[in-house]
file entry-v2.tsv (TSV, C-alpha atoms)
chain	number	residue	atom	x	y	z
A	1	MET	CA	0.00	0.00	0.00
A	2	ASN	CA	1.60	3.28	-1.09
A	3	ASN	CA	1.56	6.54	0.87
A	4	ARG	CA	-1.12	8.09	-1.37
A	5	THR	CA	-3.51	5.22	-0.64
A	6	LYS	CA	-2.82	5.46	3.11
A	7	ILE	CA	-3.44	9.22	3.09
A	8	GLY	CA	-6.64	8.73	1.11
A	9	LYS	CA	-7.94	6.17	3.60
A	10	THR	CA	-7.03	8.44	6.51
A	11	TYR	CA	-8.90	11.37	4.97
A	12	ASN	CA	-11.87	9.08	4.30
A	13	LYS	CA	-12.04	8.14	7.98
A	14	VAL	CA	-11.70	11.75	9.13
A	15	ILE	CA	-14.53	12.91	6.85
A	16	GLN	CA	-16.73	9.97	7.85
A	17	VAL	CA	-16.26	10.65	11.57
A	18	ALA	CA	-16.91	14.38	11.02
A	19	ILE	CA	-20.18	13.58	9.22
A	20	LEU	CA	-21.31	11.33	12.07
A	21	ALA	CA	-20.43	13.94	14.71
A	22	LEU	CA	-22.29	16.70	12.88
A	23	THR	CA	-25.32	14.48	12.24
A	24	TYR	CA	-25.67	13.27	15.82
A	25	GLY	CA	-25.03	16.77	17.13
A	26	PHE	CA	-27.74	18.22	14.90
A	27	ILE	CA	-30.33	15.58	15.79
A	28	TYR	CA	-29.57	15.96	19.51
A	29	ASP	CA	-29.96	19.73	19.18
A	30	GLN	CA	-33.31	19.39	17.40
A	31	VAL	CA	-34.81	16.67	19.59
A	32	PHE	CA	-33.49	17.40	23.07
A	33	TYR	CA	-32.55	21.07	23.09
A	34	ARG	CA	-34.78	23.09	20.78
A	35	LYS	CA	-38.02	21.14	21.11
A	36	ASN	CA	-40.19	20.45	24.15
A	37	LEU	CA	-39.65	16.71	24.00
A	38	PRO	CA	-41.25	15.90	27.39
A	39	HIS	CA	-44.44	17.70	26.34
A	40	LEU	CA	-44.56	15.78	23.05
A	41	LEU	CA	-43.91	12.44	24.76
A	42	GLU	CA	-46.62	13.17	27.31
A	43	ALA	CA	-49.09	13.87	24.49
A	44	LEU	CA	-48.09	10.63	22.77
A	45	ARG	CA	-48.58	8.71	26.00
A	46	GLU	CA	-52.09	10.13	26.34
A	47	ASP	CA	-52.89	9.43	22.69
A	48	PHE	CA	-51.61	5.87	23.07
A	49	ARG	CA	-54.86	5.07	24.89
A	50	SER	CA	-56.79	5.89	21.73
A	51	PRO	CA	-57.89	2.77	19.79
A	52	ASP	CA	-56.74	4.35	16.52
A	53	PHE	CA	-53.30	5.42	17.73
A	54	ILE	CA	-51.35	2.21	17.16
A	55	TRP	CA	-52.54	1.48	13.65
A	56	LEU	CA	-52.27	5.13	12.57
A	57	MET	CA	-48.71	5.43	13.90
A	58	ALA	CA	-47.79	2.09	12.35
A	59	LEU	CA	-49.16	3.31	9.02
A	60	VAL	CA	-47.14	6.55	9.24
A	61	ILE	CA	-43.92	4.61	9.92
A	62	PHE	CA	-44.71	2.10	7.17
A	63	LEU	CA	-45.25	4.97	4.71
A	64	MET	CA	-41.87	6.39	5.72
A	65	PHE	CA	-40.17	3.21	4.44
A	66	ILE	CA	-42.29	3.29	1.26
A	67	ASN	CA	-41.41	6.95	0.75
A	68	TRP	CA	-37.66	6.38	0.83
A	69	ALA	CA	-37.95	3.13	-1.11
A	70	ILE	CA	-39.63	5.04	-3.95
A	71	GLU	CA	-36.87	7.64	-3.79
A	72	ALA	CA	-34.32	4.82	-4.03
A	73	VAL	CA	-36.10	3.43	-7.10
A	74	LYS	CA	-36.20	6.91	-8.63
A	75	TRP	CA	-32.50	7.57	-8.00
A	76	ARG	CA	-31.54	4.13	-9.32
A	77	TYR	CA	-33.61	4.82	-12.44
A	78	LEU	CA	-31.82	8.13	-13.00
A	79	MET	CA	-28.35	6.76	-12.22
A	80	ALA	CA	-28.68	3.96	-14.78
A	81	LYS	CA	-27.23	6.37	-17.38
A	82	ILE	CA	-24.02	6.57	-15.33
A	83	GLU	CA	-23.64	3.35	-13.38
A	84	ARG	CA	-25.85	0.31	-12.88
A	85	ILE	CA	-26.62	-0.12	-9.20
A	86	GLY	CA	-28.96	-2.40	-7.28
A	87	PHE	CA	-31.96	-1.30	-5.23
A	88	TRP	CA	-30.27	-2.00	-1.88
A	89	LYS	CA	-27.23	0.06	-2.79
A	90	SER	CA	-29.46	2.87	-4.02
A	91	PHE	CA	-31.45	2.69	-0.78
A	92	GLN	CA	-28.22	2.98	1.22
A	93	ALA	CA	-27.14	5.96	-0.87
A	94	VAL	CA	-30.48	7.72	-0.33
A	95	LEU	CA	-30.33	7.25	3.45
A	96	THR	CA	-26.69	8.36	3.53
A	97	GLY	CA	-27.75	11.46	1.61
A	98	VAL	CA	-30.33	12.18	4.31
A	99	THR	CA	-27.58	11.85	6.93
A	100	VAL	CA	-25.21	14.25	5.18
A	101	SER	CA	-27.98	16.70	4.30
A	102	SER	CA	-29.19	17.00	7.90
A	103	PHE	CA	-26.62	19.67	8.78
A	104	THR	CA	-26.19	21.44	5.42
A	105	PRO	CA	-28.03	24.51	4.02
A	106	ASN	CA	-31.12	23.58	2.00
A	107	ARG	CA	-30.00	19.93	2.25
A	108	ILE	CA	-27.38	20.33	-0.46
A	109	GLY	CA	-25.32	17.68	1.30
A	110	GLU	CA	-27.78	15.13	-0.05
A	111	TYR	CA	-26.20	15.38	-3.51
A	112	PHE	CA	-22.72	14.63	-2.20
A	113	GLY	CA	-23.81	12.03	0.34
A	114	ARG	CA	-25.26	9.86	-2.38
A	115	VAL	CA	-22.67	9.97	-5.13
A	116	PHE	CA	-19.73	8.95	-2.96
A	117	ILE	CA	-21.21	5.47	-2.83
A	118	LEU	CA	-20.57	5.02	-6.57
A	119	ASN	CA	-17.78	2.68	-7.65
A	120	THR	CA	-16.99	3.80	-11.20
A	121	GLY	CA	-19.55	6.39	-12.30
A	122	SER	CA	-18.59	10.05	-12.54
A	123	ARG	CA	-19.42	11.77	-9.29
A	124	VAL	CA	-19.87	15.12	-10.97
A	125	GLU	CA	-22.42	13.64	-13.35
A	126	GLY	CA	-23.96	11.82	-10.39
A	127	ILE	CA	-24.45	15.13	-8.59
A	128	LEU	CA	-26.04	16.68	-11.69
A	129	VAL	CA	-28.39	13.71	-12.04
A	130	THR	CA	-29.28	13.87	-8.34
A	131	ILE	CA	-30.08	17.56	-8.80
A	132	LEU	CA	-32.33	16.58	-11.71
A	133	GLY	CA	-34.21	14.22	-9.39
A	134	SER	CA	-34.54	17.00	-6.80
A	135	MET	CA	-35.82	19.31	-9.54
A	136	SER	CA	-38.66	16.88	-10.22
A	137	GLN	CA	-39.58	16.82	-6.53
A	138	LEU	CA	-39.43	20.61	-6.33
A	139	LEU	CA	-41.54	20.89	-9.46
A	140	ILE	CA	-44.26	18.73	-7.91
A	141	THR	CA	-44.14	20.85	-4.75
A	142	ILE	CA	-44.51	24.07	-6.74
A	143	LEU	CA	-47.27	22.74	-9.00
A	144	THR	CA	-49.40	21.34	-6.17
A	145	GLY	CA	-48.68	24.24	-3.83
A	146	SER	CA	-49.53	26.94	-6.37
A	147	LEU	CA	-52.77	25.15	-7.30
A	148	ALA	CA	-53.62	24.86	-3.59
A	149	LEU	CA	-53.02	28.60	-3.30
A	150	LEU	CA	-55.55	29.26	-6.06
A	151	ALA	CA	-58.11	27.26	-4.07
A	152	PHE	CA	-57.12	28.83	-0.74
A	153	ILE	CA	-57.43	32.50	-1.75
A	154	PRO	CA	-61.17	32.65	-2.59
A	155	LEU	CA	-62.07	30.33	0.29
A	156	PHE	CA	-60.13	31.80	3.19
A	157	LEU	CA	-58.45	35.10	2.29
A	158	THR	CA	-61.49	37.19	1.38
A	159	HIS	CA	-61.47	38.77	4.86
A	160	TYR	CA	-57.73	39.40	4.92
A	161	TRP	CA	-57.45	41.55	1.82
A	162	SER	CA	-59.75	43.39	-0.54
A	163	TYR	CA	-60.89	40.50	-2.69
A	164	ASN	CA	-61.08	41.45	-6.32
A	165	GLY	CA	-62.13	39.09	-9.08
A	166	TYR	CA	-59.84	40.60	-11.70
A	167	LEU	CA	-56.86	40.49	-9.33
A	168	TYR	CA	-57.58	36.84	-8.63
A	169	TYR	CA	-57.81	36.01	-12.33
A	170	THR	CA	-54.49	37.79	-12.81
A	171	ILE	CA	-52.97	35.59	-10.11
A	172	VAL	CA	-54.44	32.54	-11.81
A	173	ALA	CA	-52.92	33.56	-15.15
A	174	VAL	CA	-49.50	34.18	-13.54
A	175	VAL	CA	-49.58	30.85	-11.68
A	176	VAL	CA	-50.64	28.86	-14.73
A	177	GLY	CA	-48.09	30.61	-16.94
A	178	PHE	CA	-45.29	30.05	-14.44
A	179	ASN	CA	-46.22	26.37	-14.01
A	180	VAL	CA	-46.22	25.83	-17.77
A	181	LEU	CA	-42.83	27.57	-17.97
A	182	ILE	CA	-41.11	25.47	-15.30
A	183	LEU	CA	-42.72	22.27	-16.56
A	184	GLY	CA	-41.49	23.07	-20.06
A	185	PHE	CA	-38.01	23.75	-18.69
A	186	TYR	CA	-37.96	20.41	-16.88
A	187	LEU	CA	-39.15	18.42	-19.89
A	188	ASN	CA	-36.55	20.14	-22.06
A	189	VAL	CA	-33.66	19.93	-19.61
A	190	SER	CA	-31.56	18.36	-22.37
A	191	PHE	CA	-31.02	21.86	-23.77
A	192	LEU	CA	-28.52	22.40	-20.93
A	193	SER	CA	-26.16	20.04	-22.72
A	194	THR	CA	-26.04	22.46	-25.67
A	195	LEU	CA	-26.41	25.70	-23.72
A	196	LYS	CA	-23.22	24.96	-21.82
A	197	GLU	CA	-21.28	25.45	-25.07
A	198	LYS	CA	-22.23	29.13	-24.95
A	199	ILE	CA	-22.05	29.64	-21.20
A	200	LEU	CA	-18.87	27.72	-20.39
A	201	ARG	CA	-15.96	28.84	-22.52
A	202	ASN	CA	-12.82	26.99	-23.53
A	203	GLY	CA	-11.18	27.51	-20.16
A	204	LEU	CA	-13.85	25.35	-18.53
A	205	LYS	CA	-13.81	22.38	-20.90
A	206	LYS	CA	-13.41	19.96	-18.01
A	207	ILE	CA	-16.71	21.17	-16.55
A	208	ARG	CA	-18.49	21.41	-19.89
A	209	LYS	CA	-18.22	17.71	-20.65
A	210	TYR	CA	-20.30	16.74	-17.61
A	211	PHE	CA	-23.38	18.61	-18.85
A	212	ARG	CA	-23.76	16.08	-21.65
A	213	ILE	CA	-25.58	13.87	-19.15
A	214	PHE	CA	-28.75	15.96	-19.51
A	215	ALA	CA	-29.00	14.99	-23.18
A	216	PHE	CA	-29.41	11.33	-22.19
A	217	TYR	CA	-32.88	11.80	-20.69
A	218	HIS	CA	-35.98	11.81	-22.90
A	219	ASN	CA	-39.45	13.09	-22.07
A	220	ARG	CA	-40.79	9.64	-21.24
A	221	GLU	CA	-38.05	9.11	-18.67
A	222	LEU	CA	-38.48	12.58	-17.21
A	223	ILE	CA	-42.23	12.05	-16.86
A	224	THR	CA	-41.57	8.73	-15.14
A	225	VAL	CA	-39.32	10.50	-12.64
A	226	LEU	CA	-42.02	13.14	-12.16
A	227	LEU	CA	-44.57	10.42	-11.37
A	228	TYR	CA	-42.22	8.91	-8.78
A	229	SER	CA	-41.90	12.37	-7.22
A	230	PHE	CA	-45.67	12.87	-7.18
A	231	LEU	CA	-46.17	9.50	-5.50
A	232	ARG	CA	-43.64	10.47	-2.82
A	233	TYR	CA	-45.38	13.81	-2.37
A	234	MET	CA	-48.75	12.16	-1.79
A	235	ILE	CA	-47.19	9.75	0.70
A	236	PHE	CA	-45.56	12.31	2.99
A	237	SER	CA	-48.57	14.62	2.70
A	238	THR	CA	-50.79	11.75	3.83
A	239	GLN	CA	-48.37	11.08	6.70
A	240	PHE	CA	-48.83	14.67	7.84
A	241	TYR	CA	-52.61	14.23	7.75
A	242	LEU	CA	-52.46	10.98	9.72
A	243	LEU	CA	-50.34	12.67	12.40
A	244	LEU	CA	-52.86	15.50	12.57
A	245	ARG	CA	-55.51	12.86	13.23
A	246	ILE	CA	-53.35	11.30	15.95
A	247	PHE	CA	-53.13	14.68	17.71
A	248	ALA	CA	-56.88	15.29	17.31
A	249	VAL	CA	-56.73	18.14	14.79
A	250	PRO	CA	-60.25	18.09	13.27
A	251	ILE	CA	-59.83	18.58	9.53
A	252	PRO	CA	-61.07	16.67	6.45
A	253	TYR	CA	-58.47	14.97	4.26
A	254	LEU	CA	-58.86	17.21	1.20
A	255	ASP	CA	-58.73	20.41	3.26
A	256	ALA	CA	-55.63	19.09	5.02
A	257	LEU	CA	-53.97	18.32	1.68
A	258	MET	CA	-54.62	21.89	0.53
A	259	LEU	CA	-53.05	23.39	3.65
A	260	ILE	CA	-50.17	20.91	3.70
A	261	SER	CA	-49.44	21.73	0.05
A	262	LEU	CA	-49.26	25.42	0.99
A	263	VAL	CA	-46.84	24.65	3.82
A	264	TYR	CA	-44.53	22.67	1.54
A	265	PHE	CA	-44.85	25.34	-1.16
A	266	VAL	CA	-43.74	28.13	1.19
A	267	MET	CA	-40.94	25.95	2.57
A	268	ALA	CA	-39.75	25.34	-1.00
A	269	VAL	CA	-39.41	29.04	-1.80
A	270	ILE	CA	-37.90	30.12	1.55
A	271	PRO	CA	-34.13	29.49	1.80
A	272	THR	CA	-33.48	27.61	5.04
A	273	ILE	CA	-30.70	25.86	6.88
A	274	ALA	CA	-31.26	22.57	8.63
A	275	LEU	CA	-30.97	24.14	12.11
A	276	THR	CA	-33.99	26.41	11.49
A	277	GLU	CA	-36.08	24.37	9.03
A	278	LEU	CA	-38.18	22.59	11.62
A	279	GLY	CA	-39.06	25.82	13.42
A	280	ILE	CA	-39.96	27.59	10.17
A	281	ARG	CA	-42.11	24.67	9.02
A	282	GLY	CA	-44.02	24.76	12.30
A	283	SER	CA	-44.56	28.52	12.03
A	284	VAL	CA	-45.77	28.27	8.42
A	285	ALA	CA	-48.12	25.42	9.33
A	286	LEU	CA	-49.53	27.41	12.24
A	287	TYR	CA	-50.17	30.37	9.93
A	288	PHE	CA	-52.21	28.52	7.30
A	289	PHE	CA	-53.98	26.17	9.72
A	290	GLY	CA	-54.65	29.17	11.96
A	291	ILE	CA	-56.56	30.87	9.14
A	292	TYR	CA	-58.51	27.67	8.55
A	293	PHE	CA	-59.44	27.31	12.23
A	294	SER	CA	-59.87	31.03	12.88
A	295	GLY	CA	-63.49	30.52	13.98
A	296	LEU	CA	-62.66	27.94	16.67
A	297	THR	CA	-61.25	30.30	19.31
A	298	ASP	CA	-62.03	27.94	22.22
A	299	ALA	CA	-59.92	25.09	20.81
A	300	THR	CA	-57.04	27.17	19.45
A	301	GLU	CA	-54.44	26.07	22.02
A	302	GLY	CA	-55.08	22.36	21.56
A	303	ILE	CA	-55.17	22.64	17.77
A	304	ASN	CA	-51.95	24.67	17.68
A	305	PHE	CA	-50.18	22.08	19.80
A	306	GLY	CA	-51.50	19.29	17.58
A	307	ILE	CA	-50.20	21.06	14.46
A	308	LEU	CA	-46.76	21.66	15.95
A	309	ALA	CA	-46.60	18.13	17.36
A	310	ALA	CA	-47.56	16.61	13.99
A	311	SER	CA	-44.97	18.74	12.20
A	312	THR	CA	-42.24	17.82	14.69
A	313	LEU	CA	-43.05	14.13	14.69
A	314	LEU	CA	-43.18	14.08	10.88
A	315	TRP	CA	-39.64	15.51	10.83
A	316	ALA	CA	-38.48	12.92	13.36
A	317	ILE	CA	-39.99	10.01	11.41
A	318	ASN	CA	-39.18	11.11	7.86
A	319	LEU	CA	-35.78	12.79	8.39
A	320	GLY	CA	-34.43	12.28	11.91
A	321	PHE	CA	-34.78	8.49	12.00
A	322	PRO	CA	-33.57	7.94	8.39
A	323	ALA	CA	-30.57	10.17	9.15
A	324	LEU	CA	-29.64	7.92	12.07
A	325	VAL	CA	-30.09	4.79	9.95
A	326	GLY	CA	-28.10	6.36	7.12
A	327	SER	CA	-25.22	7.06	9.49
A	328	VAL	CA	-24.60	3.30	9.56
A	329	PHE	CA	-23.65	3.46	5.88
A	330	VAL	CA	-21.41	6.54	6.13
A	331	PHE	CA	-18.32	4.33	6.46
A	332	ARG	CA	-19.08	2.88	3.03
A	333	LEU	CA	-18.60	6.23	1.34
A	334	LYS	CA	-15.47	6.52	-0.78
A	335	PHE	CA	-14.37	10.14	-0.85
A	336	PHE	CA	-11.04	9.22	-2.42
A	337	ARG	CA	-10.94	6.50	-5.07
A	338	LYS	CA	-7.95	4.77	-6.56
A	339	PRO	CA	-6.51	6.61	-9.59
A	340	ALA	CA	-7.37	3.67	-11.82
A	341	ASN	CA	-11.06	4.18	-11.10
A	342	ASN	CA	-11.08	7.92	-11.67
A	343	THR	CA	-11.24	7.86	-15.43
A	344	ASN	CA	-14.76	9.20	-15.33
A	345	GLU	CA	-13.96	12.00	-12.95

call {"tool": "encode", "arguments": {"input": "entry-v2.tsv", "output": "structure tokens"}}
result
Amino acid sequence: MNNRTKIGKTYNKVIQVAILALTYGFIYDQVFYRKNLPHLLEALREDFRSPDFIWLMALVIFLMFINWAIEAVKWRYLMAKIERIGFWKSFQAVLTGVTVSSFTPNRIGEYFGRVFILNTGSRVEGILVTILGSMSQLLITILTGSLALLAFIPLFLTHYWSYNGYLYYTIVAVVVGFNVLILGFYLNVSFLSTLKEKILRNGLKKIRKYFRIFAFYHNRELITVLLYSFLRYMIFSTQFYLLLRIFAVPIPYLDALMLISLVYFVMAVIPTIALTELGIRGSVALYFFGIYFSGLTDATEGINFGILAASTLLWAINLGFPALVGSVFVFRLKFFRKPANNTNE
């Protein structure tokens, strides 16, 4: 074993340990320091007596596994253009991405956490493809959230601003036009492989070659990825609703989906860092659900706690727990590969 290999392995270990320390530190901060954990546990203990509690909570946890399994299938489908990987390896990469993203701004660490599990595929292309998958998820969030906004305005905002039919139709036109624009951009993402010739000049040839990956995806494949993203969206939205039921927030399913879509929509357009995301999500949820329940002044405190508890528990189930599980696979990441395997880098 030469010195370069030894140094590479040492750096690998240092980075892996640093990732674990940051992940565990972040989760401890969120669960034990920032949030009123005893209050939440007490509420769960009281709800445990409910006959519906066990099966609803079991369903939420089951949907968490389905959610990340679909993401693993989606990522494997996208990565097939670069490197053939199995479902289990893709699942490990997805969970590792959750681990790395837990302490990074806007979860950008997810892109890097996944691609370092690749054996031969270009990591740069892997990051670009992972971004493409995230684009599909963001697109679904924007499409559903903006449509929910169009339903929300005439139903609940007429008393908050001077409701004007022409203004509303203008908003409708802007929303529809914007949605068509971003959907068209996504379905024609292959143009980035040609646009880079004009944007990236000769001095950046090494970067330019990676953008060719976008030309490999056709509309049928992009629509398939979009459907995977929509399925995931419906799953974690339904989880949110089930948790609202567990904490006795009285709201019909379709109304809940509208409000949940607005929460995710606002979260998508507000830049956040992991340390503040949970608090912002709770505040946004309280705002929209507060408008919905504005007439129930006597039950406001209980409803507000139920909304915050559901939001917190959803984070713990869908992100906190997977981040802990993903930490098991951190030591499989290869930040430094042997020179012989770097031909695609």

call {"tool": "closest_atom_pairs", "arguments": {"input": "entry-v2.tsv", "of": "region 108-136 of chain A", "to": "region 141-148 of chain A", "cutoff": "12 Å", "atoms": "only C-alpha atoms", "output": "tab-separated table"}}
result
residue	atom	partner	partner_atom	distance
A:Ser134	CA	A:Thr141	CA	10.5
A:Met135	CA	A:Thr141	CA	9.7
A:Ser136	CA	A:Thr141	CA	8.7

call {"tool": "closest_residue", "arguments": {"input": "entry-v2.tsv", "among": "A:Gly306, A:Gly113, A:Pro250, A:Gly126", "to": "Trp75 (chain A)", "atoms": "all atoms listed in the file"}}
result
A:Gly126

call {"tool": "closest_residue", "arguments": {"input": "entry-v2.tsv", "among": "A:Leu138, A:Ile213, A:Val60, A:Ile108", "to": "Met79 (chain A)", "atoms": "all atoms listed in the file"}}
result
A:Ile213

call {"tool": "atom_distance", "arguments": {"input": "entry-v2.tsv", "atom1": "CA of Leu319 (chain A)", "atom2": "CA of Thr99 (chain A)"}}
result
8.4 Å

call {"tool": "atom_distance", "arguments": {"input": "entry-v2.tsv", "atom1": "CA of Arg281 (chain A)", "atom2": "CA of Ile223 (chain A)"}}
result
28.8 Å

call {"tool": "atom_distance", "arguments": {"input": "entry-v2.tsv", "atom1": "CA of Leu128 (chain A)", "atom2": "CA of Ser101 (chain A)"}}
result
16.1 Å

call {"tool": "closest_residue", "arguments": {"input": "entry-v2.tsv", "among": "A:Ala151, A:Leu118, A:Ala310, A:Leu222", "to": "Gly184 (chain A)", "atoms": "all atoms listed in the file"}}
result
A:Leu222

call {"tool": "closest_residue", "arguments": {"input": "entry-v2.tsv", "among": "A:Tyr111, A:Ile270, A:Leu139, A:Gln92", "to": "Leu181 (chain A)", "atoms": "only C-alpha atoms"}}
result
A:Leu139

call {"tool": "residues_around", "arguments": {"input": "entry-v2.tsv", "residues": "region 321-328 of chain A", "least_positions_apart": "5", "cutoff": "7 Å", "atoms": "all atoms listed in the file", "output": "number ranges by chain"}}
result
A: 20, 92, 95-96, 98-99, 316
